[in-house]
file input-v2.txt (compact mmCIF, C-alpha atoms and all ligand atoms)
# COMPACT_ATOMS: atom_id res chain seq x y z
CA MET A 23 79.28 120.14 124.29
CA SER A 24 81.85 117.39 124.76
CA ALA A 25 81.04 113.68 124.45
CA ASP A 26 81.54 111.22 127.28
CA ILE A 27 85.07 109.69 127.01
CA HIS A 28 85.82 106.26 128.45
CA ILE A 29 89.34 104.78 128.25
CA ILE A 30 89.76 101.06 128.77
CA ALA A 31 93.29 100.59 130.10
CA SER A 32 94.89 99.79 133.43
CA SER A 33 97.11 102.30 135.20
CA GLY A 34 100.28 100.47 134.08
CA SER A 35 99.37 100.60 130.40
CA TRP A 36 101.25 102.82 127.98
CA ILE A 37 98.86 105.56 126.88
CA GLU A 38 100.41 108.80 125.59
CA GLN A 39 98.90 112.15 126.54
CA SER A 40 98.87 113.17 122.86
CA ALA A 41 96.46 110.30 122.09
CA ILE A 42 94.17 111.37 124.96
CA ASP A 43 94.30 114.96 123.66
CA GLN A 44 93.22 113.69 120.24
CA LEU A 45 90.26 111.87 121.84
CA HIS A 46 89.24 115.16 123.47
CA HIS A 47 89.37 116.96 120.11
CA SER A 48 87.18 114.29 118.53
CA ALA A 49 84.78 114.41 121.48
CA VAL A 50 83.69 117.96 120.57
CA LEU A 51 82.94 117.16 116.93
CA GLU A 52 79.35 117.85 115.90
CA GLY A 53 76.98 115.09 116.98
CA ILE A 54 79.58 112.87 118.71
CA GLU A 55 78.09 111.63 122.00
CA ARG A 56 80.35 108.73 123.09
CA VAL A 57 84.07 108.09 122.71
CA VAL A 58 85.94 104.96 123.80
CA GLY A 59 89.72 104.55 123.87
CA LEU A 60 90.96 100.94 123.82
CA PRO A 61 94.21 99.68 125.41
CA ASP A 62 96.08 99.94 122.07
CA LEU A 63 95.22 103.66 121.92
CA HIS A 64 97.95 105.80 120.35
CA ALA A 65 98.22 109.10 118.51
CA GLY A 66 97.37 109.10 114.82
CA ARG A 67 97.41 111.78 112.13
CA GLY A 68 94.95 114.09 113.92
CA ILE A 69 92.67 111.25 115.06
CA ALA A 70 93.65 108.73 117.75
CA VAL A 71 94.03 105.09 116.66
CA GLY A 72 92.50 102.37 118.87
CA ALA A 73 89.25 104.24 119.42
CA ALA A 74 85.51 104.16 118.73
CA PHE A 75 83.15 107.13 118.33
CA TRP A 76 79.34 107.08 118.35
CA SER A 77 76.92 109.66 117.01
CA PRO A 78 73.13 109.39 116.76
CA GLY A 79 72.89 111.12 113.38
CA HIS A 80 76.25 112.27 112.02
CA VAL A 81 79.00 110.57 110.09
CA HIS A 82 82.56 111.94 110.19
CA PRO A 83 84.80 110.50 107.43
CA PRO A 84 88.06 111.48 109.24
CA LEU A 85 87.03 109.28 112.20
CA VAL A 86 87.28 106.27 109.87
CA GLY A 87 90.39 107.63 108.17
CA SER A 88 91.93 107.01 104.78
CA ASP A 89 92.29 103.23 104.91
CA ILE A 90 88.58 102.43 104.95
CA GLY A 91 88.00 98.71 105.52
CA CYS A 92 91.53 97.99 106.72
CA GLY A 93 91.46 94.78 108.69
CA ILE A 94 92.89 91.38 109.37
CA ALA A 95 91.98 88.02 107.87
CA LEU A 96 93.16 84.68 109.27
CA TRP A 97 93.48 81.66 107.02
CA GLN A 98 94.40 78.08 107.89
CA GLY A 99 96.55 76.33 105.30
CA ASP A 100 96.41 72.63 104.59
CA LEU A 101 100.19 72.25 104.99
CA PRO A 102 101.06 70.23 108.09
CA LEU A 103 103.31 72.29 110.35
CA ARG A 104 105.96 69.54 110.40
CA LYS A 105 106.44 70.05 106.63
CA PHE A 106 106.94 73.81 106.87
CA ARG A 107 110.45 74.99 105.92
CA ALA A 108 111.17 78.71 106.38
CA ASP A 109 114.00 78.69 103.80
CA ALA A 110 111.76 77.20 101.13
CA ALA A 111 108.88 79.57 101.98
CA GLU A 112 111.22 82.55 101.77
CA ARG A 113 112.45 81.43 98.33
CA LYS A 114 108.92 80.97 97.03
CA LEU A 115 107.54 84.35 98.14
CA HIS A 116 108.39 86.46 95.10
CA GLY A 117 106.42 88.43 92.54
CA LEU A 118 103.67 89.47 94.96
CA GLU A 119 104.00 93.24 94.49
CA GLY A 120 102.90 93.34 90.87
CA ARG A 121 99.46 93.08 89.36
CA TRP A 122 97.49 89.90 90.18
CA SER A 123 97.33 87.59 87.16
CA GLY A 124 93.79 86.45 88.01
CA ASP A 125 90.56 87.87 86.59
CA ALA A 126 90.14 91.00 88.71
CA ALA A 127 87.03 92.18 86.86
CA ALA A 128 85.27 88.84 87.53
CA ALA A 129 86.34 88.79 91.19
CA LEU A 130 85.09 92.36 91.67
CA GLY A 131 81.81 91.53 89.90
CA ASP A 132 81.31 88.42 92.07
CA ALA A 133 81.80 90.61 95.16
CA GLY A 134 79.04 92.95 93.93
CA LEU A 135 81.54 95.69 93.03
CA PRO A 136 82.04 97.57 89.72
CA ALA A 137 84.27 95.42 87.51
CA ASP A 138 86.69 98.32 86.92
CA LEU A 139 87.08 99.37 90.57
CA MET A 140 90.86 99.54 91.01
CA GLY A 141 91.45 96.06 89.64
CA GLU A 142 95.12 96.94 89.12
CA ALA A 143 95.70 97.14 92.91
CA LEU A 144 93.60 94.12 93.89
CA GLY A 145 95.65 91.49 95.70
CA THR A 146 98.49 93.82 96.76
CA ILE A 147 99.40 94.38 100.40
CA GLY A 148 100.51 98.03 100.24
CA GLY A 149 103.07 99.71 102.46
CA GLY A 150 103.26 100.91 106.05
CA ASN A 151 102.27 98.41 108.69
CA HIS A 152 100.40 96.13 106.29
CA PHE A 153 101.76 92.60 106.11
CA ALA A 154 101.13 88.95 105.39
CA GLU A 155 102.44 86.56 108.03
CA LEU A 156 102.77 82.81 108.42
CA LEU A 157 102.15 81.60 111.95
CA ARG A 158 101.49 78.54 114.05
CA VAL A 159 99.50 77.96 117.21
CA GLU A 160 101.71 78.65 120.22
CA ALA A 161 99.33 77.81 123.08
CA VAL A 162 95.72 76.81 123.55
CA LEU A 163 94.28 78.95 126.36
CA ASP A 164 90.67 77.73 126.29
CA GLU A 165 90.11 74.14 125.07
CA ALA A 166 86.39 74.49 124.32
CA GLY A 167 86.83 77.84 122.60
CA PHE A 168 89.73 76.45 120.58
CA ASP A 169 87.75 73.39 119.44
CA ALA A 170 84.93 75.67 118.27
CA SER A 171 87.32 78.04 116.44
CA GLY A 172 88.28 75.75 113.58
CA LEU A 173 91.96 76.26 114.43
CA ALA A 174 94.29 73.26 114.44
CA THR A 175 97.61 73.04 116.27
CA ASP A 176 99.34 71.16 113.44
CA ARG A 177 98.71 73.56 110.53
CA VAL A 178 100.41 76.60 109.07
CA LEU A 179 98.29 79.76 109.42
CA LEU A 180 98.32 82.91 107.29
CA MET A 181 97.34 86.32 108.65
CA VAL A 182 96.74 89.14 106.16
CA HIS A 183 96.60 92.79 107.25
CA SER A 184 95.65 95.16 104.44
CA GLY A 185 92.92 97.59 103.44
CA SER A 186 91.41 99.46 100.52
CA ARG A 187 94.72 100.82 99.15
CA GLY A 188 94.18 104.10 97.25
CA LEU A 189 90.41 103.73 97.16
CA GLY A 190 89.73 104.75 100.77
CA GLN A 191 92.12 107.70 100.50
CA ALA A 192 90.34 108.99 97.37
CA ILE A 193 86.95 108.74 99.11
CA LEU A 194 88.20 110.59 102.19
CA ASP A 195 89.86 113.32 100.08
CA ARG A 196 86.74 113.84 97.95
CA HIS A 197 84.45 114.22 100.95
CA ALA A 198 86.93 116.42 102.84
CA ARG A 199 87.06 118.79 99.80
CA MET A 200 83.26 118.89 99.56
CA ALA A 201 82.76 119.37 103.31
CA GLY A 202 84.99 122.47 103.53
CA GLY A 203 85.66 123.30 107.20
CA SER A 204 83.50 120.78 109.10
CA SER A 205 83.82 117.03 108.77
CA ALA A 206 80.23 116.34 109.90
CA LEU A 207 77.83 114.81 107.40
CA LEU A 208 74.20 114.11 108.25
CA ALA A 209 73.90 110.36 107.78
CA ASP A 210 70.48 110.70 106.19
CA GLY A 211 71.45 113.70 104.02
CA ALA A 212 72.52 113.35 100.39
CA GLU A 213 76.22 113.79 101.08
CA GLY A 214 76.21 111.48 104.10
CA ALA A 215 74.43 108.81 102.09
CA ALA A 216 76.92 109.23 99.22
CA TYR A 217 79.86 108.81 101.63
CA LEU A 218 78.29 105.75 103.26
CA ALA A 219 77.69 104.10 99.87
CA GLU A 220 81.31 104.68 98.82
CA HIS A 221 82.53 103.58 102.27
CA ASP A 222 80.60 100.30 101.95
CA GLN A 223 82.19 99.67 98.55
CA ALA A 224 85.66 100.31 100.00
CA MET A 225 84.89 97.88 102.86
CA ALA A 226 83.85 95.18 100.40
CA TRP A 227 86.90 95.93 98.23
CA ALA A 228 89.21 95.58 101.26
CA VAL A 229 87.68 92.21 102.23
CA LEU A 230 88.15 90.99 98.64
CA ASN A 231 91.69 92.37 98.60
CA ARG A 232 92.64 90.32 101.68
CA GLN A 233 91.07 87.25 100.06
CA VAL A 234 93.06 87.68 96.84
CA ILE A 235 96.27 88.37 98.80
CA ALA A 236 95.72 85.17 100.78
CA HIS A 237 95.14 83.16 97.59
CA ARG A 238 98.30 84.58 95.99
CA PHE A 239 100.40 83.69 99.05
CA LEU A 240 98.89 80.23 99.53
CA ASP A 241 99.34 79.55 95.84
CA ARG A 242 103.03 80.52 95.91
CA LEU A 243 103.53 78.23 98.91
CA GLY A 244 101.70 75.36 97.23
CA MET A 245 98.90 75.27 99.81
CA ALA A 246 95.14 75.46 99.84
CA GLY A 247 93.48 77.23 102.74
CA THR A 248 90.28 78.08 104.57
CA ARG A 249 89.38 81.52 105.85
CA LEU A 250 88.66 81.41 109.58
CA LEU A 251 87.85 85.10 110.06
CA ASP A 252 88.03 88.53 108.47
CA ILE A 253 87.67 91.57 110.70
CA CYS A 254 87.63 95.23 109.58
CA HIS A 255 89.04 97.74 112.06
CA ASN A 256 88.43 101.03 110.18
CA SER A 257 84.74 101.57 109.48
CA VAL A 258 81.50 103.36 110.26
CA THR A 259 78.47 101.13 110.71
CA PRO A 260 74.93 101.39 112.16
CA HIS A 261 74.90 100.82 115.91
CA ARG A 262 72.08 101.26 118.42
CA GLY A 263 70.12 103.64 116.21
CA GLY A 264 73.18 105.75 115.35
CA TRP A 265 76.60 105.52 113.70
CA LEU A 266 79.65 103.81 115.17
CA HIS A 267 83.04 104.91 113.84
CA ARG A 268 85.92 102.55 114.50
CA LYS A 269 89.45 103.89 113.96
CA GLY A 270 91.78 100.98 114.61
CA ALA A 271 89.18 99.13 116.67
CA ALA A 272 88.02 95.56 116.07
CA PRO A 273 84.29 94.78 116.29
CA ALA A 274 83.19 92.77 119.33
CA ASP A 275 79.99 91.63 117.63
CA LYS A 276 81.33 89.60 114.69
CA GLY A 277 82.75 86.47 116.30
CA LEU A 278 86.40 85.62 116.97
CA VAL A 279 89.00 88.38 116.70
CA VAL A 280 92.78 88.26 116.26
CA VAL A 281 94.79 90.84 118.20
CA PRO A 282 98.33 90.92 116.78
CA GLY A 283 101.30 92.12 118.80
CA SER A 284 104.03 92.68 116.23
CA ARG A 285 106.16 90.53 113.92
CA GLY A 286 108.32 89.82 116.99
CA ASP A 287 105.56 88.97 119.41
CA LEU A 288 102.56 86.71 119.78
CA THR A 289 99.10 87.25 118.31
CA TYR A 290 96.04 86.50 120.46
CA VAL A 291 92.86 84.89 119.23
CA VAL A 292 90.08 86.15 121.53
CA ARG A 293 86.37 85.52 121.88
CA PRO A 294 84.37 88.70 122.64
CA ARG A 295 82.13 88.33 125.69
CA SER A 296 78.50 88.71 124.72
CA GLU A 297 77.62 89.87 128.23
CA ALA A 298 80.00 92.86 128.04
CA GLY A 299 77.14 95.10 126.97
CA ASP A 300 78.03 98.37 125.31
CA ILE A 301 80.71 99.68 127.71
CA ALA A 302 83.30 99.66 124.92
CA LEU A 303 80.94 100.52 122.06
CA ALA A 304 81.10 96.86 120.92
CA SER A 305 84.78 97.37 120.13
CA LEU A 306 88.14 95.81 121.02
CA ALA A 307 91.84 96.61 120.63
CA HIS A 308 92.91 95.82 117.05
CA GLY A 309 96.54 95.19 117.91
CA ALA A 310 99.18 96.19 120.42
CA GLY A 311 99.26 99.76 119.10
CA ARG A 312 102.36 101.87 118.59
CA LYS A 313 104.55 102.90 121.49
CA TRP A 314 106.94 104.90 119.29
CA SER A 315 106.11 106.84 116.13
CA ARG A 316 107.81 105.80 112.89
CA SER A 317 110.41 108.59 112.97
CA GLU A 318 111.12 108.03 116.67
CA THR A 319 111.69 104.31 116.05
CA LYS A 320 114.26 104.93 113.34
CA GLY A 321 116.06 107.39 115.62
CA LYS A 322 116.02 105.09 118.65
CA LEU A 323 117.12 101.93 116.82
CA GLY A 324 119.20 103.38 113.99
CA ARG A 325 122.58 103.25 115.66
CA ARG A 326 122.07 100.17 117.84
CA VAL A 327 120.50 97.70 115.40
CA THR A 328 121.27 96.72 111.81
CA ALA A 329 118.71 96.02 109.10
CA ALA A 330 120.10 92.47 108.84
CA ALA A 331 119.46 91.89 112.56
CA LEU A 332 115.84 93.01 112.08
CA GLU A 333 115.34 90.25 109.49
CA ARG A 334 115.20 87.82 112.43
CA THR A 335 112.85 88.34 115.39
CA PRO A 336 113.16 87.53 119.11
CA LEU A 337 110.68 84.65 118.63
CA GLY A 338 112.76 83.11 115.85
CA GLY A 339 110.62 84.42 113.00
CA ARG A 340 111.91 85.71 109.68
CA VAL A 341 111.13 89.02 108.05
CA ILE A 342 111.05 89.78 104.32
CA CYS A 343 111.25 93.55 104.04
CA GLU A 344 113.45 94.95 101.30
CA ASP A 345 112.63 98.55 102.22
CA ARG A 346 115.37 99.75 104.58
CA ASP A 347 113.34 102.52 106.22
CA LEU A 348 110.29 100.33 106.69
CA ILE A 349 112.18 97.48 108.37
CA PHE A 350 113.19 99.96 111.10
CA GLU A 351 109.86 101.81 111.31
CA GLU A 352 107.95 98.58 111.89
CA ALA A 353 110.41 96.98 114.30
CA PRO A 354 108.79 95.00 117.16
CA GLN A 355 110.30 97.48 119.65
CA ALA A 356 107.95 100.19 118.25
CA TYR A 357 104.86 98.40 119.58
CA LYS A 358 103.29 98.14 123.03
CA ASP A 359 103.22 94.93 125.06
CA ILE A 360 100.47 92.77 123.56
CA HIS A 361 100.10 90.69 126.74
CA ARG A 362 99.27 93.80 128.72
CA VAL A 363 96.82 95.01 126.06
CA VAL A 364 94.95 91.69 126.11
CA ARG A 365 95.06 91.57 129.93
CA ASP A 366 93.38 95.00 129.98
CA LEU A 367 90.62 93.66 127.70
CA VAL A 368 90.17 90.60 129.96
CA GLU A 369 90.08 92.70 133.13
CA ALA A 370 87.46 94.97 131.55
CA GLY A 371 85.33 91.84 130.97
CA LEU A 372 85.44 92.23 127.19
CA VAL A 373 87.10 89.01 125.97
CA ASP A 374 88.18 85.48 126.75
CA PRO A 375 91.55 84.54 125.18
CA VAL A 376 91.32 81.35 123.13
CA ALA A 377 94.87 80.84 121.83
CA THR A 378 98.14 82.53 121.03
CA LEU A 379 99.89 82.33 117.66
CA ARG A 380 103.63 82.59 116.97
CA PRO A 381 104.95 84.28 113.81
CA LEU A 382 107.12 82.13 111.54
CA LEU A 383 107.67 84.47 108.60
CA THR A 384 106.46 88.04 108.05
CA TYR A 385 106.24 89.42 104.53
CA LYS A 386 106.26 93.20 104.08
CA VAL A 387 107.73 94.04 100.68
CA ARG A 388 110.19 92.86 98.03
CA ARG A 389 111.94 95.21 95.65
CA SER A 390 112.73 92.55 93.04
N1 LIG B 401 101.87 89.94 113.84
C1 LIG B 401 102.19 91.17 113.40
N2 LIG B 401 101.56 92.24 113.94
C2 LIG B 401 101.89 93.46 113.49
C3 LIG B 401 102.87 93.68 112.50
N3 LIG B 401 102.95 95.02 112.25
C4 LIG B 401 102.04 95.60 113.05
N4 LIG B 401 101.39 94.68 113.80
C5 LIG B 401 100.27 94.85 114.73
O1 LIG B 401 99.10 95.08 113.94
C6 LIG B 401 98.42 96.24 114.39
C7 LIG B 401 97.85 96.90 113.16
O2 LIG B 401 97.68 98.26 113.33
P1 LIG B 401 97.11 99.29 112.26
O3 LIG B 401 96.81 100.50 113.08
O4 LIG B 401 98.14 99.49 111.24
O5 LIG B 401 95.89 98.73 111.66
C8 LIG B 401 99.48 97.06 115.13
O6 LIG B 401 98.90 97.80 116.18
C9 LIG B 401 100.43 96.02 115.66
O7 LIG B 401 100.09 95.63 116.96
C10 LIG B 401 103.52 92.54 111.96
O8 LIG B 401 104.39 92.63 111.06
N5 LIG B 401 103.16 91.31 112.43
MN MN B 402 95.01 98.37 109.77
call {"tool": "encode", "arguments": {"input": "input-v2.txt", "output": "structure tokens"}}
result
Amino acid sequence: MSADIHIIASSGSWIEQSAIDQLHHSAVLEGIERVVGLPDLHAGRGIAVGAAFWSPGHVHPPLVGSDIGCGIALWQGDLPLRKFRADAAERKLHGLEGRWSGDAAAALGDAGLPADLMGEALGTIGGGNHFAELLRVEAVLDEAGFDASGLATDRVLLMVHSGSRGLGQAILDRHARMAGGSSALLADGAEGAAYLAEHDQAMAWAVLNRQVIAHRFLDRLGMAGTRLLDICHNSVTPHRGGWLHRKGAAPADKGLVVVPGSRGDLTYVVRPRSEAGDIALASLAHGAGRKWSRSETKGKLGRRVTAAALERTPLGGRVICEDRDLIFEEAPQAYKDIHRVVRDLVEAGLVDPVATLRPLLTYKVRRS
């Protein structure tokens, strides 16, 4: 039997057939009863990204994926925007790839995690589309919502997108090996419970990771900061008596959400509508979503654009990315139109936009 599939996107939105095919494959997995595709839907490695899946009694580790707990945190720095200098910030952002010099064991212990749980990777962004980005408020779209958000128009903001690094991958691999052919685990069986316990640790580790990354960046820039939100978009959590898998989907039941476009486009801060009910499985788009795969992007841009040109963005932002392949793979052109994605969420009655944010400097990786 196939689950009910609901896709939230207008007819003009960019949704590839391969992503819809992947939703159909997931819809026949054991115990899956509801599937929702969000406007950032795109094909992933076997499982569509930008989607939510609900089952009354089964948990499927592949529907969360390898980067368990991946998410986005938004911090507000105490540096007044008028004092921000991109050249100085760029000079200061060094030495962030190596091991954190803080007390990882104590930080892990304080977060309720084993003191030796991958302390060596704590506070590192990782590769792919993970990033840390400095931004400022571009426009206030809802005065009352903005006042309640804690955001200020005259401060530098820091957005951190990272996850559980190798930890989530190891958990997924272990359970995939044990499961053999089928990915279904009974949530109240021994193996399901073991996966959920490890998943919860990886979620907590990822939240702590984003916190340490933010502290490292703020510290380098000589700022203090306050965390305004932290939202996981890869998870499986209890929902309406069953289990809700989110694969690249932000929760609509945890307060304000940031929906980033790309390093060359705006980010939206949105307030989920409480009256939206469960039409989207309490989930929202977690970004713009990819329009082109990584290899496609390199091929399409390779001859037309230089790596140096990609170090500056159409909105005047800067990019620190000393990995030549990655700077192409993550080019703004590879992503869908964020304004359209957010408009689809608004038209579906799921969110009210509060503000937009403009990127000033995006940090991906340094080699030295
Ligand atoms: N502001 C920025 N947004 C970015 C950047 N790179 C990607 N993105 C957006 O984030 C989501 C994250 O997707 P995930 O599937 O990897 O979790 C992606 O869909 C883009 O819209 C960036 O450098 N800056
Ligand atoms: Mn992510």
call {"tool": "residues_around", "arguments": {"input": "input-v2.txt", "residues": "segment 374-381 of chain A", "least_positions_apart": "5", "cutoff": "8 Å", "atoms": "all atoms listed in the file", "output": "ChimeraX atom specification"}}
result
/A:155-165,167-168,285-295,337,339,364,368
call {"tool": "atom_distance", "arguments": {"input": "input-v2.txt", "atom1": "atom CA of Gln98 of chain A", "atom2": "atom CA of Ala166 of chain A"}}
result
18.6 Å
call {"tool": "closest_residue", "arguments": {"input": "input-v2.txt", "among": "A:Ser32, A:Thr175, A:Ser257, A:Gln39", "to": "ligand MN 402 (chain B)", "atoms": "only C-alpha atoms and all ligand atoms"}}
result
A:Ser257
call {"tool": "atom_distance", "arguments": {"input": "input-v2.txt", "atom1": "atom CA of Leu115 of chain A", "atom2": "atom CA of Val229 of chain A"}}
result
21.7 Å
call {"tool": "residues_near_ligand", "arguments": {"input": "input-v2.txt", "ligand": "ligand MN 402 (chain B)", "cutoff": "7 Å", "atoms": "all atoms listed in the file", "output": "list in words"}}
result
Cys92, Gly93, His152, His183, Ser184, Gly185, His255 and Gly270 of chain A
call {"tool": "closest_residue", "arguments": {"input": "input-v2.txt", "among": "A:Gly117, A:Pro273, A:Gly72, A:Gly91", "to": "Gly190 of chain A", "atoms": "only C-alpha atoms"}}
result
A:Gly91
call {"tool": "residues_near_ligand", "arguments": {"input": "input-v2.txt", "ligand": "ligand LIG 401 (chain B)", "cutoff": "6 Å", "atoms": "all atoms listed in the file", "output": "PyMOL selection string"}}
result
chain A and resi 151+153+270+282-285+289+309-312+384
call {"tool": "write_last_selection", "arguments": {"input": "input-v2.txt", "atoms": "C-alpha atoms", "output": "CSV table (one decimal), in the frame of the given file"}}
result
chain,number,residue,atom,x,y,z
A,151,ASN,CA,102.3,98.4,108.7
A,153,PHE,CA,101.8,92.6,106.1
A,270,GLY,CA,91.8,101.0,114.6
A,282,PRO,CA,98.3,90.9,116.8
A,283,GLY,CA,101.3,92.1,118.8
A,284,SER,CA,104.0,92.7,116.2
A,285,ARG,CA,106.2,90.5,113.9
A,289,THR,CA,99.1,87.2,118.3
A,309,GLY,CA,96.5,95.2,117.9
A,310,ALA,CA,99.2,96.2,120.4
A,311,GLY,CA,99.3,99.8,119.1
A,312,ARG,CA,102.4,101.9,118.6
A,384,THR,CA,106.5,88.0,108.0
call {"tool": "residues_near_point", "arguments": {"input": "input-v2.txt", "point": "(82.0, 93.2, 102.8)", "cutoff": "12 Å", "atoms": "all atoms listed in the file", "output": "number ranges by chain"}}
result
A: 90-93, 130, 132-135, 185-186, 221-233, 252-254, 257, 259
call {"tool": "atom_distance", "arguments": {"input": "input-v2.txt", "atom1": "atom CA of Ser305 of chain A", "atom2": "atom CA of Ser88 of chain A"}}
result
19.5 Å
call {"tool": "residues_near_point", "arguments": {"input": "input-v2.txt", "point": "(111.8, 87.8, 98.8)", "cutoff": "7 Å", "atoms": "all atoms listed in the file", "output": "mmCIF file with C-alpha atoms, in the frame of the given file"}}
result
data_model
loop_
_atom_site.group_PDB
_atom_site.id
_atom_site.type_symbol
_atom_site.label_atom_id
_atom_site.label_comp_id
_atom_site.auth_asym_id
_atom_site.auth_seq_id
_atom_site.Cartn_x
_atom_site.Cartn_y
_atom_site.Cartn_z
ATOM 1 C CA GLU A 112 111.220 82.550 101.770
ATOM 2 C CA ARG A 113 112.450 81.430 98.330
ATOM 3 C CA LEU A 115 107.540 84.350 98.140
ATOM 4 C CA HIS A 116 108.390 86.460 95.100
ATOM 5 C CA ILE A 342 111.050 89.780 104.320
ATOM 6 C CA ARG A 388 110.190 92.860 98.030
#
call {"tool": "residues_around", "arguments": {"input": "input-v2.txt", "residues": "Asp62 of chain A", "least_positions_apart": "2", "cutoff": "12 Å", "atoms": "all atoms listed in the file", "output": "number ranges by chain"}}
result
A: 29-32, 35-38, 41-42, 58-60, 64-66, 70-74, 269-272, 281-283, 305-313, 357-367
call {"tool": "residues_around", "arguments": {"input": "input-v2.txt", "residues": "Arg238 of chain A", "least_positions_apart": "2", "cutoff": "12 Å", "atoms": "all atoms listed in the file", "output": "PyMOL selection string"}}
result
chain A and resi 114-124+144-147+154+180+182+231-236+240-247
call {"tool": "closest_residue", "arguments": {"input": "input-v2.txt", "among": "A:Ala356, A:Met181, A:Ala302, A:Val86", "to": "His237 of chain A", "atoms": "all atoms listed in the file"}}
result
A:Met181
call {"tool": "residues_around", "arguments": {"input": "input-v2.txt", "residues": "Ala198 of chain A", "least_positions_apart": "4", "cutoff": "12 Å", "atoms": "all atoms listed in the file", "output": "ChimeraX atom specification"}}
result
/A:82-85,87-88,191-194,202-207,213-214,217
call {"tool": "residues_around", "arguments": {"input": "input-v2.txt", "residues": "Asp176 of chain A", "least_positions_apart": "4", "cutoff": "10 Å", "atoms": "only C-alpha atoms", "output": "ChimeraX atom specification"}}
result
/A:100-105,158-159
call {"tool": "build_atoms", "arguments": {"input": "input-v2.txt", "residues": "segment 352-364 of chain A", "atoms": "N, CA, C and O atoms", "output": "compact mmCIF listing (two decimals), keeping the file's coordinate frame"}}
result
# COMPACT_ATOMS: atom_id res chain seq x y z
N GLU A 352 108.90 99.58 111.42
CA GLU A 352 107.95 98.58 111.89
C GLU A 352 108.59 97.55 112.82
O GLU A 352 108.07 96.44 113.00
N ALA A 353 109.71 97.91 113.41
CA ALA A 353 110.41 96.98 114.30
C ALA A 353 109.51 96.63 115.49
O ALA A 353 108.73 97.46 115.95
N PRO A 354 109.61 95.41 116.00
CA PRO A 354 108.79 95.00 117.16
C PRO A 354 108.90 95.96 118.34
O PRO A 354 107.92 96.18 119.06
N GLN A 355 110.09 96.56 118.51
CA GLN A 355 110.30 97.48 119.65
C GLN A 355 109.36 98.69 119.59
O GLN A 355 109.17 99.37 120.60
N ALA A 356 108.80 99.00 118.41
CA ALA A 356 107.95 100.19 118.25
C ALA A 356 106.55 99.98 118.82
O ALA A 356 105.78 100.92 118.93
N TYR A 357 106.23 98.72 119.16
CA TYR A 357 104.86 98.40 119.58
C TYR A 357 104.75 98.15 121.08
O TYR A 357 105.71 97.79 121.75
N LYS A 358 103.54 98.36 121.60
CA LYS A 358 103.29 98.14 123.03
C LYS A 358 103.30 96.63 123.32
O LYS A 358 103.31 95.80 122.41
N ASP A 359 103.20 96.32 124.60
CA ASP A 359 103.22 94.93 125.06
C ASP A 359 101.83 94.30 124.84
O ASP A 359 100.86 94.68 125.50
N ILE A 360 101.76 93.36 123.92
CA ILE A 360 100.47 92.77 123.56
C ILE A 360 99.82 92.03 124.74
O ILE A 360 98.59 92.00 124.87
N HIS A 361 100.66 91.45 125.60
CA HIS A 361 100.10 90.69 126.74
C HIS A 361 99.36 91.63 127.68
O HIS A 361 98.29 91.31 128.19
N ARG A 362 99.90 92.79 127.87
CA ARG A 362 99.27 93.80 128.72
C ARG A 362 97.96 94.29 128.09
O ARG A 362 96.94 94.47 128.76
N VAL A 363 98.01 94.53 126.78
CA VAL A 363 96.82 95.01 126.06
C VAL A 363 95.68 94.00 126.22
O VAL A 363 94.54 94.35 126.56
N VAL A 364 96.00 92.72 126.01
CA VAL A 364 94.95 91.69 126.11
C VAL A 364 94.49 91.54 127.57
O VAL A 364 93.30 91.37 127.84
